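Enquirer: Provided herewith: query-v5.pdb, PDB, C-alpha atoms and all ligand atoms.
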MODEL        1
ATOM      1  CA  MET A   1       1.474  -4.193   1.710
ATOM      2  CA  ASP A   2      -0.879  -6.537   3.526
ATOM      3  CA  HIS A   3       0.421 -10.102   3.718
ATOM      4  CA  SER A   4      -1.204 -12.713   5.859
ATOM      5  CA  PRO A   5       1.338 -14.892   7.720
ATOM      6  CA  SER A   6      -0.501 -18.148   6.914
ATOM      7  CA  VAL A   7      -0.759 -19.548   3.381
ATOM      8  CA  VAL A   8      -4.486 -18.865   2.996
ATOM      9  CA  SER A   9      -7.261 -17.414   5.147
ATOM     10  CA  LEU A  10     -10.700 -15.922   4.773
ATOM     11  CA  SER A  11     -10.688 -12.124   4.492
ATOM     12  CA  ALA A  12     -13.437 -10.641   6.646
ATOM     13  CA  VAL A  13     -12.590  -7.102   5.603
ATOM     14  CA  ASP A  14     -12.928  -7.884   1.872
ATOM     15  CA  GLU A  15     -16.089  -9.934   2.448
ATOM     16  CA  GLN A  16     -17.646  -7.042   4.340
ATOM     17  CA  ARG A  17     -16.609  -4.539   1.657
ATOM     18  CA  PHE A  18     -17.679  -6.428  -1.459
ATOM     19  CA  GLY A  19     -20.385  -8.695  -0.028
ATOM     20  CA  ILE A  20     -18.763 -11.882  -1.358
ATOM     21  CA  ARG A  21     -16.859 -14.717   0.331
ATOM     22  CA  THR A  22     -13.195 -13.740  -0.163
ATOM     23  CA  ALA A  23      -9.899 -15.363   0.790
ATOM     24  CA  ARG A  24      -6.314 -14.111   0.669
ATOM     25  CA  ALA A  25      -3.249 -16.254   0.070
ATOM     26  CA  MET A  26       0.526 -16.026  -0.245
ATOM     27  CA  LEU A  27       1.652 -18.693  -2.723
ATOM     28  CA  LYS A  28       5.373 -19.384  -2.512
ATOM     29  CA  ASP A  29       5.345 -22.855  -4.078
ATOM     30  CA  ILE A  30       3.119 -25.318  -5.910
ATOM     31  CA  GLY A  31       2.137 -26.979  -2.622
ATOM     32  CA  ASN A  32       0.776 -23.617  -1.394
ATOM     33  CA  PHE A  33      -1.244 -23.368  -4.616
ATOM     34  CA  GLN A  34      -2.838 -26.811  -4.153
ATOM     35  CA  GLU A  35      -3.584 -26.156  -0.470
ATOM     36  CA  THR A  36      -5.168 -22.801  -1.339
ATOM     37  CA  VAL A  37      -7.424 -24.110  -4.098
ATOM     38  CA  LYS A  38      -8.657 -26.888  -1.770
ATOM     39  CA  PHE A  39      -9.249 -24.343   1.019
ATOM     40  CA  CYS A  40     -11.276 -22.146  -1.347
ATOM     41  CA  ARG A  41     -13.432 -25.033  -2.557
ATOM     42  CA  ASP A  42     -13.970 -26.345   1.020
ATOM     43  CA  ASN A  43     -14.963 -22.864   2.226
ATOM     44  CA  GLU A  44     -17.104 -21.872  -0.798
ATOM     45  CA  VAL A  45     -14.842 -18.930  -1.540
ATOM     46  CA  LEU A  46     -15.978 -16.873  -4.543
ATOM     47  CA  LEU A  47     -12.972 -14.541  -4.876
ATOM     48  CA  LEU A  48      -9.376 -15.436  -4.046
ATOM     49  CA  ILE A  49      -6.770 -12.649  -3.851
ATOM     50  CA  SER A  50      -3.403 -14.371  -4.098
ATOM     51  CA  ARG A  51       0.097 -12.951  -3.968
ATOM     52  CA  CYS A  52       3.185 -14.699  -5.269
ATOM     53  CA  PRO A  53       6.883 -13.723  -5.292
ATOM     54  CA  ALA A  54       7.642 -12.379  -8.790
ATOM     55  CA  SER A  55      10.637 -14.747  -8.921
ATOM     56  CA  ARG A  56       8.359 -17.853  -8.746
ATOM     57  CA  LEU A  57       7.364 -18.113 -12.400
ATOM     58  CA  ASP A  58       6.569 -21.813 -11.909
ATOM     59  CA  VAL A  59       3.789 -20.840  -9.479
ATOM     60  CA  VAL A  60       2.667 -17.986 -11.772
ATOM     61  CA  GLN A  61       2.292 -20.361 -14.706
ATOM     62  CA  VAL A  62       0.270 -22.865 -12.661
ATOM     63  CA  MET A  63      -2.031 -20.016 -11.603
ATOM     64  CA  GLU A  64      -2.377 -18.841 -15.196
ATOM     65  CA  SER A  65      -3.323 -22.356 -16.319
ATOM     66  CA  ALA A  66      -6.018 -22.396 -13.615
ATOM     67  CA  GLY A  67      -7.606 -19.132 -14.802
ATOM     68  CA  PHE A  68      -6.073 -16.753 -12.247
ATOM     69  CA  LEU A  69      -5.868 -13.186 -13.648
ATOM     70  CA  LEU A  70      -2.953 -10.822 -12.977
ATOM     71  CA  MET A  71      -4.200  -7.672 -11.208
ATOM     72  CA  ASP A  72      -1.039  -5.819 -10.187
ATOM     73  CA  THR A  73       2.700  -6.038  -9.540
ATOM     74  CA  LEU A  74       4.017  -4.745  -6.232
ATOM     75  CA  VAL A  75       7.608  -3.556  -5.981
ATOM     76  CA  TYR A  76       9.386  -3.160  -2.647
ATOM     77  CA  TYR A  77      12.269  -0.754  -1.981
ATOM     78  CA  ALA A  78      14.377  -0.475   1.167
ATOM     79  CA  ARG A  79      16.866   1.996   2.616
ATOM     80  CA  ASN A  80      19.324   1.750   5.452
ATOM     81  CA  LEU A  81      18.613   4.702   7.765
ATOM     82  CA  THR A  82      21.921   4.761   9.617
ATOM     83  CA  LYS A  83      24.619   4.546   6.945
ATOM     84  CA  THR A  84      23.806   7.746   5.038
ATOM     85  CA  PRO A  85      22.166  10.899   6.405
ATOM     86  CA  ILE A  86      18.464  11.631   5.904
ATOM     87  CA  PRO A  87      17.986  14.795   3.778
ATOM     88  CA  ALA A  88      16.969  17.879   5.788
ATOM     89  CA  ASN A  89      13.448  19.252   5.443
ATOM     90  CA  THR A  90      13.607  22.631   3.668
ATOM     91  CA  SER A  91       9.876  22.996   2.943
ATOM     92  CA  ASP A  92       7.514  25.456   4.648
ATOM     93  CA  VAL A  93       4.821  22.760   4.889
ATOM     94  CA  ALA A  94       4.458  21.519   8.473
ATOM     95  CA  ILE A  95       4.536  17.833   9.417
ATOM     96  CA  ARG A  96       3.171  16.515  12.697
ATOM     97  CA  GLY A  97       1.802  13.326  14.247
ATOM     98  CA  ILE A  98      -1.882  12.418  14.095
ATOM     99  CA  ARG A  99      -4.313  13.927  16.623
ATOM    100  CA  ALA A 100      -7.808  12.815  17.630
ATOM    101  CA  GLY A 101     -10.290  14.110  15.060
ATOM    102  CA  ASP A 102      -7.775  14.282  12.177
ATOM    103  CA  GLU A 103      -9.311  11.146  10.678
ATOM    104  CA  ILE A 104     -12.168  13.216   9.201
ATOM    105  CA  GLN A 105      -9.817  15.274   7.011
ATOM    106  CA  VAL A 106      -7.588  12.261   6.317
ATOM    107  CA  GLN A 107     -10.657  10.434   5.022
ATOM    108  CA  ALA A 108     -11.415  13.319   2.648
ATOM    109  CA  VAL A 109      -7.804  13.476   1.386
ATOM    110  CA  ALA A 110      -7.680   9.683   0.909
ATOM    111  CA  ALA A 111     -11.023   9.664  -0.925
ATOM    112  CA  ARG A 112      -9.816  12.241  -3.426
ATOM    113  CA  SER A 113      -6.221  11.067  -3.861
ATOM    114  CA  PHE A 114      -7.116   7.349  -4.271
ATOM    115  CA  LYS A 115     -10.210   7.800  -6.474
ATOM    116  CA  GLY A 116      -9.801   5.374  -9.394
ATOM    117  CA  TYR A 117      -6.354   4.233  -8.109
ATOM    118  CA  PHE A 118      -4.561   1.515 -10.098
ATOM    119  CA  GLY A 119      -4.257  -1.230  -7.459
ATOM    120  CA  HIS A 120      -5.537  -4.801  -7.696
ATOM    121  CA  TYR A 121      -9.093  -3.960  -6.611
ATOM    122  CA  HIS A 122      -9.619  -1.402  -9.386
ATOM    123  CA  ALA A 123      -7.973  -3.717 -11.937
ATOM    124  CA  ASP A 124     -10.762  -6.263 -11.407
ATOM    125  CA  SER A 125     -13.734  -5.192 -13.551
ATOM    126  CA  ARG A 126     -16.089  -7.405 -11.511
ATOM    127  CA  LEU A 127     -15.605  -5.365  -8.341
ATOM    128  CA  ASN A 128     -17.809  -2.336  -7.636
ATOM    129  CA  ARG A 129     -15.807   0.891  -8.361
ATOM    130  CA  THR A 130     -17.106   2.814  -5.354
ATOM    131  CA  ARG A 131     -16.270  -0.071  -3.031
ATOM    132  CA  CYS A 132     -12.759  -0.226  -4.538
ATOM    133  CA  ASP A 133     -12.224   3.468  -3.754
ATOM    134  CA  GLU A 134     -13.534   2.885  -0.219
ATOM    135  CA  ALA A 135     -10.900   0.197   0.376
ATOM    136  CA  TYR A 136      -8.247   2.911   0.519
ATOM    137  CA  THR A 137     -10.278   5.484   2.456
ATOM    138  CA  SER A 138     -11.293   3.018   5.153
ATOM    139  CA  TRP A 139      -7.678   1.763   5.386
ATOM    140  CA  ALA A 140      -6.485   5.359   5.895
ATOM    141  CA  VAL A 141      -9.129   6.043   8.570
ATOM    142  CA  ASN A 142      -8.454   2.758  10.377
ATOM    143  CA  SER A 143      -4.750   3.657  10.399
ATOM    144  CA  CYS A 144      -5.626   6.908  12.202
ATOM    145  CA  VAL A 145      -7.797   5.342  14.873
ATOM    146  CA  SER A 146      -6.239   1.920  15.531
ATOM    147  CA  ARG A 147      -2.699   1.135  16.654
ATOM    148  CA  ASP A 148      -3.301  -2.412  15.371
ATOM    149  CA  VAL A 149      -3.271  -0.971  11.839
ATOM    150  CA  ALA A 150      -0.564   1.715  12.079
ATOM    151  CA  ASP A 151       1.919   2.778  14.763
ATOM    152  CA  GLU A 152       1.864   6.409  13.613
ATOM    153  CA  VAL A 153       0.269   8.585  10.960
ATOM    154  CA  LEU A 154       2.180  11.687   9.882
ATOM    155  CA  ILE A 155       0.163  14.636   8.651
ATOM    156  CA  ALA A 156       1.203  17.489   6.337
ATOM    157  CA  THR A 157      -0.722  20.705   6.984
ATOM    158  CA  ASP A 158      -0.893  24.226   5.567
ATOM    159  CA  ASP A 159      -0.692  27.292   7.820
ATOM    160  CA  ARG A 160      -4.451  27.081   8.541
ATOM    161  CA  GLU A 161      -4.183  23.464   9.739
ATOM    162  CA  ASN A 162      -5.817  22.076   6.596
ATOM    163  CA  ILE A 163      -4.527  18.548   6.018
ATOM    164  CA  LEU A 164      -2.704  18.308   2.664
ATOM    165  CA  GLY A 165      -1.335  14.775   2.927
ATOM    166  CA  PHE A 166      -0.764  11.795   5.190
ATOM    167  CA  ALA A 167       1.617   8.864   5.674
ATOM    168  CA  THR A 168       0.781   5.709   7.646
ATOM    169  CA  LEU A 169       3.736   4.032   9.347
ATOM    170  CA  ARG A 170       4.255   0.610  10.863
ATOM    171  CA  LEU A 171       7.030  -0.784  13.047
ATOM    172  CA  ASN A 172       7.913  -4.290  11.817
ATOM    173  CA  ARG A 173      10.184  -6.826  13.482
ATOM    174  CA  ASP A 174      13.972  -6.656  13.364
ATOM    175  CA  ARG A 175      14.233  -2.858  13.631
ATOM    176  CA  GLU A 176      12.486  -2.357  10.314
ATOM    177  CA  GLY A 177       9.978   0.453   9.676
ATOM    178  CA  GLU A 178       7.443   0.343   6.845
ATOM    179  CA  GLY A 179       5.841   3.303   5.092
ATOM    180  CA  VAL A 180       2.473   1.823   4.171
ATOM    181  CA  LEU A 181      -0.121   4.225   2.738
ATOM    182  CA  PHE A 182       0.596   7.764   1.538
ATOM    183  CA  GLY A 183      -1.771  10.259  -0.060
ATOM    184  CA  VAL A 184      -1.546  13.923  -1.056
ATOM    185  CA  ALA A 185      -4.667  16.011  -1.843
ATOM    186  CA  PRO A 186      -4.925  16.542  -5.631
ATOM    187  CA  GLU A 187      -4.694  20.361  -5.370
ATOM    188  CA  ALA A 188      -1.481  20.052  -3.282
ATOM    189  CA  GLN A 189       0.292  17.523  -5.533
ATOM    190  CA  GLY A 190       3.487  18.383  -7.403
ATOM    191  CA  ARG A 191       4.805  20.604  -4.583
ATOM    192  CA  GLY A 192       7.124  18.045  -3.003
ATOM    193  CA  ILE A 193       4.761  17.119  -0.149
ATOM    194  CA  TYR A 194       5.193  13.401  -0.759
ATOM    195  CA  HIS A 195       8.985  13.852  -0.708
ATOM    196  CA  LEU A 196       8.599  15.730   2.577
ATOM    197  CA  LEU A 197       6.380  13.014   4.112
ATOM    198  CA  MET A 198       8.977  10.414   3.118
ATOM    199  CA  THR A 199      11.858  12.259   4.800
ATOM    200  CA  ALA A 200       9.720  12.818   7.915
ATOM    201  CA  ALA A 201       8.867   9.100   7.956
ATOM    202  CA  MET A 202      12.556   8.174   7.686
ATOM    203  CA  GLN A 203      13.322  10.523  10.590
ATOM    204  CA  TRP A 204      10.477   9.092  12.694
ATOM    205  CA  PHE A 205      11.711   5.526  12.135
ATOM    206  CA  LEU A 206      15.281   6.531  12.975
ATOM    207  CA  GLU A 207      14.047   8.020  16.265
ATOM    208  CA  LYS A 208      12.324   4.663  16.950
ATOM    209  CA  LYS A 209      15.729   2.957  16.491
ATOM    210  CA  CYS A 210      14.875   1.379  13.141
ATOM    211  CA  GLU A 211      17.846   0.555  10.945
ATOM    212  CA  CYS A 212      15.910   0.115   7.726
ATOM    213  CA  MET A 213      12.781   1.546   6.064
ATOM    214  CA  LEU A 214      10.658  -0.454   3.612
ATOM    215  CA  VAL A 215       8.143   0.917   1.098
ATOM    216  CA  SER A 216       6.059  -0.692  -1.647
ATOM    217  CA  THR A 217       3.823   0.297  -4.523
ATOM    218  CA  GLN A 218       2.364  -0.784  -7.841
ATOM    219  CA  ILE A 219       5.135  -0.990 -10.439
ATOM    220  CA  THR A 220       3.290   1.623 -12.539
ATOM    221  CA  ASN A 221       3.427   4.206  -9.732
ATOM    222  CA  ILE A 222       6.368   6.119 -11.216
ATOM    223  CA  ALA A 223       5.874   9.257  -9.080
ATOM    224  CA  VAL A 224       6.739   7.535  -5.799
ATOM    225  CA  GLN A 225       9.586   5.461  -7.263
ATOM    226  CA  LYS A 226      11.217   8.681  -8.525
ATOM    227  CA  VAL A 227      11.124  10.079  -4.999
ATOM    228  CA  TRP A 228      12.439   6.840  -3.461
ATOM    229  CA  SER A 229      15.357   6.744  -5.922
ATOM    230  CA  ARG A 230      16.328  10.311  -5.048
ATOM    231  CA  LEU A 231      16.172   9.481  -1.333
ATOM    232  CA  GLY A 232      18.523   6.511  -1.676
ATOM    233  CA  PHE A 233      16.027   3.631  -1.609
ATOM    234  CA  GLU A 234      16.910   0.502  -3.610
ATOM    235  CA  PRO A 235      14.643  -2.202  -5.077
ATOM    236  CA  CYS A 236      14.617  -5.413  -3.011
ATOM    237  CA  HIS A 237      11.760  -7.709  -4.088
ATOM    238  CA  ALA A 238       8.449  -7.874  -5.943
ATOM    239  CA  TYR A 239       5.108  -9.702  -5.812
ATOM    240  CA  TYR A 240       2.357 -10.360  -8.328
ATOM    241  CA  THR A 241      -1.259 -10.112  -7.225
ATOM    242  CA  PHE A 242      -3.731 -12.461  -8.927
ATOM    243  CA  HIS A 243      -7.502 -12.728  -8.563
ATOM    244  CA  LYS A 244      -9.331 -15.993  -9.105
ATOM    245  CA  TRP A 245     -13.112 -16.164  -9.315
ATOM    246  CA  PHE A 246     -14.450 -19.602  -8.474
ATOM    247  CA  ASP A 247     -17.799 -19.290 -10.294
ATOM    248  CA  GLY A 248     -16.258 -19.938 -13.727
ATOM    249  CA  ARG A 249     -17.154 -16.463 -15.090
ATOM    250  CA  ASP A 250     -13.693 -14.894 -15.445
TER     251      ASP A 250
HETATM  252  C1  LIG A 301       1.875   9.788  -5.522
HETATM  253  C2  LIG A 301       1.619  11.056  -4.687
HETATM  254  C3  LIG A 301       1.668  10.658  -3.213
HETATM  255  C4  LIG A 301       2.699  12.063  -5.013
HETATM  256  O1  LIG A 301       2.514  13.212  -4.194
HETATM  257  P1  LIG A 301       3.171  14.632  -4.564
HETATM  258  O2  LIG A 301       3.172  15.454  -3.316
HETATM  259  O3  LIG A 301       2.506  15.198  -5.749
HETATM  260  O4  LIG A 301       4.665  14.202  -4.909
HETATM  261  P2  LIG A 301       5.917  15.161  -5.063
HETATM  262  O5  LIG A 301       5.445  16.557  -5.318
HETATM  263  O6  LIG A 301       6.820  14.918  -3.875
HETATM  264  O7  LIG A 301       6.610  14.672  -6.394
HETATM  265  C5  LIG A 301       6.726  13.407  -6.826
HETATM  266  C6  LIG A 301       7.528  13.364  -8.121
HETATM  267  O8  LIG A 301       6.799  12.539  -8.999
HETATM  268  C7  LIG A 301       6.372  13.327 -10.119
HETATM  269  N1  LIG A 301       5.037  12.880 -10.493
HETATM  270  C8  LIG A 301       3.874  13.220  -9.931
HETATM  271  N2  LIG A 301       2.879  12.559 -10.565
HETATM  272  C9  LIG A 301       3.466  11.807 -11.537
HETATM  273  C10 LIG A 301       2.997  10.906 -12.523
HETATM  274  N3  LIG A 301       1.678  10.624 -12.625
HETATM  275  N4  LIG A 301       3.881  10.285 -13.347
HETATM  276  C11 LIG A 301       5.200  10.553 -13.242
HETATM  277  N5  LIG A 301       5.728  11.388 -12.312
HETATM  278  C12 LIG A 301       4.856  12.014 -11.475
HETATM  279  C13 LIG A 301       6.417  14.738  -9.657
HETATM  280  O9  LIG A 301       6.454  15.627 -10.758
HETATM  281  C14 LIG A 301       7.682  14.693  -8.844
HETATM  282  O10 LIG A 301       8.809  14.591  -9.687
HETATM  283  P3  LIG A 301       9.609  15.891 -10.160
HETATM  284  O11 LIG A 301      10.247  16.420  -8.910
HETATM  285  O12 LIG A 301      10.570  15.355 -11.149
HETATM  286  O13 LIG A 301       8.625  16.831 -10.758
HETATM  287  C15 LIG A 301       0.232  11.670  -5.020
HETATM  288  O14 LIG A 301       0.158  11.876  -6.413
HETATM  289  C16 LIG A 301      -0.931  10.797  -4.602
HETATM  290  O15 LIG A 301      -1.470  10.957  -3.515
HETATM  291  N6  LIG A 301      -1.342   9.844  -5.480
HETATM  292  C17 LIG A 301      -2.411   8.906  -5.222
HETATM  293  C18 LIG A 301      -2.083   7.921  -4.125
HETATM  294  C19 LIG A 301      -0.724   7.273  -4.262
HETATM  295  O16 LIG A 301      -0.248   6.953  -5.361
HETATM  296  N7  LIG A 301      -0.064   7.035  -3.089
HETATM  297  C20 LIG A 301       1.259   6.438  -3.036
HETATM  298  C21 LIG A 301       1.207   4.957  -2.910
HETATM  299  S1  LIG A 301       0.627   4.408  -1.324
ENDMDL
END
Starting from the coordinates I provided, produce the structure as C-alpha cells.
Ligand SMILES: CC(C)(COP(=O)(O)OP(=O)(O)OC[C@H]1O[C@@H](n2cnc3c(N)ncnc32)[C@H](O)[C@@H]1OP(=O)(O)O)[C@@H](O)C(=O)NCCC(=O)NCCS
Expert:
Amino acid sequence: MDHSPSVVSLSAVDEQRFGIRTARAMLKDIGNFQETVKFCRDNEVLLLISRCPASRLDVVQVMESAGFLLMDTLVYYARNLTKTPIPANTSDVAIRGIRAGDEIQVQAVAARSFKGYFGHYHADSRLNRTRCDEAYTSWAVNSCVSRDVADEVLIATDDRENILGFATLRLNRDREGEGVLFGVAPEAQGRGIYHLLMTAAMQWFLEKKCECMLVSTQITNIAVQKVWSRLGFEPCHAYYTFHKWFDGRD
C-alpha cells in the first residue's frame, strides 16, 4: 500500500503518530537487509517497519534470525480494465466524487470501520491502540484534502447525503490505477456498497485511460478478496510486513 522508493528512510508520519523514531524499508535482498540495519543503528531508530516480497524466503529467514516479527501479509490483485467489461451498477446507492467538507464524515466512517483493524500496526502489541486506529482515519482524511495522497476519493451516500462509504484512488505510472483505502460504515456493511465502490473505481480509472487496476489487502481480509474474485481480479504478488524493535525488548 505505501512503499518507499528507496531501500530505507525515516518515517516522519509514524514518528509523529507514535512518538518514537521510526524507519520504513523495502528489503528485496540480503544487501538491503544489511544496509537497513546499519541505517537504523546510525540513525538511532527504535522501530523499523520493513516489507519484503513474499517470494524472498532467504531475506525472511535472515530477518527472523535477527528478531524481526511478522506483522501482516499483504496480497495484491490486478485486473485489466479494457479486455472484459466492467459490471453495471444496479444499486440505488449513489456514488460521487469528493467535495470540500466531506472529510468530516469520511473521518467518522473511517474511525468506525477501521477500529481494531488487523493491519501491521494493530498486530504490534507495543503500539498504542488508539494511535493505531488513528493511522487509518488520518490517512483517509489526508486522502480527501491532499492530491499528493490520492487523486480522487469516491463517496457512497444515502438519499439524505449521509456518507456510507469511501474509496481512495491513485493514478500510478504506466496507465495503472490503484484502489488504496476503502471503508464502509458498520451499519451499512453487507449491502454490497464495497462491491459498488469497486465497480465505480474501475469505471473512474477507465475514464482516466488506465489499462489496469491494482488493489491490496491483508491476506486475512476475506470480504474484499471475495468481491475482487467476482469482479475478475487475479492475484499478482504478495509482501510480508515485519517490525523490528531495536531496544532488545521484543
Ligand atoms: C471490507 C468492507 C469494505 C466490506 O464492505 P461491505 O459493503 O460490507 O461489502 P459488501 O457488502 O460489498 O460485501 C462483501 C462480501 O464479503 C462478505 N463479508 C463481509 N464481511 C465478511 C467477513 N468478515 N468475512 C467473510 N466475508 C465477509 C459479504 O457477506 C459479501 O459477500 P456475500 O455477497 O457472499 O455475502 C467493510 O467491511 C469495511 O469497511 N471493513 C473495514 C475496513 C476494510 O477492511 N477495508 C478494506 C481494506 S482497505
Enquirer: Identify, counting only C-alpha atoms and all ligand atoms, the protein, DNA and RNA residues located within 8 Å of ligand LIG 301 (chain A), and give them as a VMD selection string.
Expert: chain A and resid 110 113 to 115 117 165 180 to 186 188 to 196 216 to 218 221 to 227
Enquirer: For the structure provided, state which residues fall under the PyMOL selection byres (((chain A and resi 139-147) around 12) and not hetatm), and present them as an MDAnalysis selection string.
Expert: chainID A and resid 1:2 13:14 17 97:111 113:114 132:138 148:155 165:171 179:183
Enquirer: Counting all atoms listed in the file, select every polymer residue within 9 Å of (5.4, -13.6, -5.1) as defined in the file's coordinates, and provide the selection as a VMD selection string.
Expert: chain A and resid 26 to 28 50 to 57 59 to 60 237 to 241
Enquirer: Hey, what comes out of the PyMOL selection byres (((chain A and resi 67-70) around 10) and not hetatm) on this file? Could you write it as a list in words?
Expert: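 Given this file, the PyMOL selection byres (((chain A and resi 67-70) around 10) and not hetatm) evaluates to Leu48, Ile49, Ser50, Arg51, Val60, Gln61, Val62, Met63, Glu64, Ser65, Ala66, Met71, Asp72, Thr73, His120, Ala123, Asp124, Tyr240, Thr241, Phe242, His243, Lys244, Trp245, Phe246, Gly248, Arg249 and Asp250 of chain A.
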Enquirer: What's the separation between CA of Ala25 (chain A) and CA of Arg79 (chain A), in Å to one decimal place?
Expert: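 Interatomic distance, CA of Ala25 (chain A) to CA of Arg79 (chain A): 27.3 Å.
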Enquirer: Calculated over all atoms listed in the file, which of the candidates A:Cys40, A:Val7, A:Gly31, A:Ile86 has the smallest distance to Ala200 (chain A)?
Expert: A:Ile86
Enquirer: Applied to the shown file, which residues does the PyMOL selection byres (((chain A and resi 214) around 12) and not hetatm) return, written as a PyMOL selection string?
Expert: chain A and resi 1+75-81+169-173+175-181+198+201-202+205+210-213+215-217+228+232-237
Enquirer: Could you check which of A:Ala88, A:Asn43, A:Ser6, A:Ala94 is closest to Ile163 (chain A), using all atoms listed in the file?
Expert: A:Ala94
Enquirer: Specify the axis-aligned box that encloses all atoms of region 172-186 of chain A listed in the file after padding of 8 Å on each side, stating its centre and edge lengths in Å to one decimal as AutoDock Vina command-line options.
Expert:
--center_x 4.7 --center_y 4.9 --center_z 4.0 --size_x 35.2 --size_y 39.4 --size_z 35.3
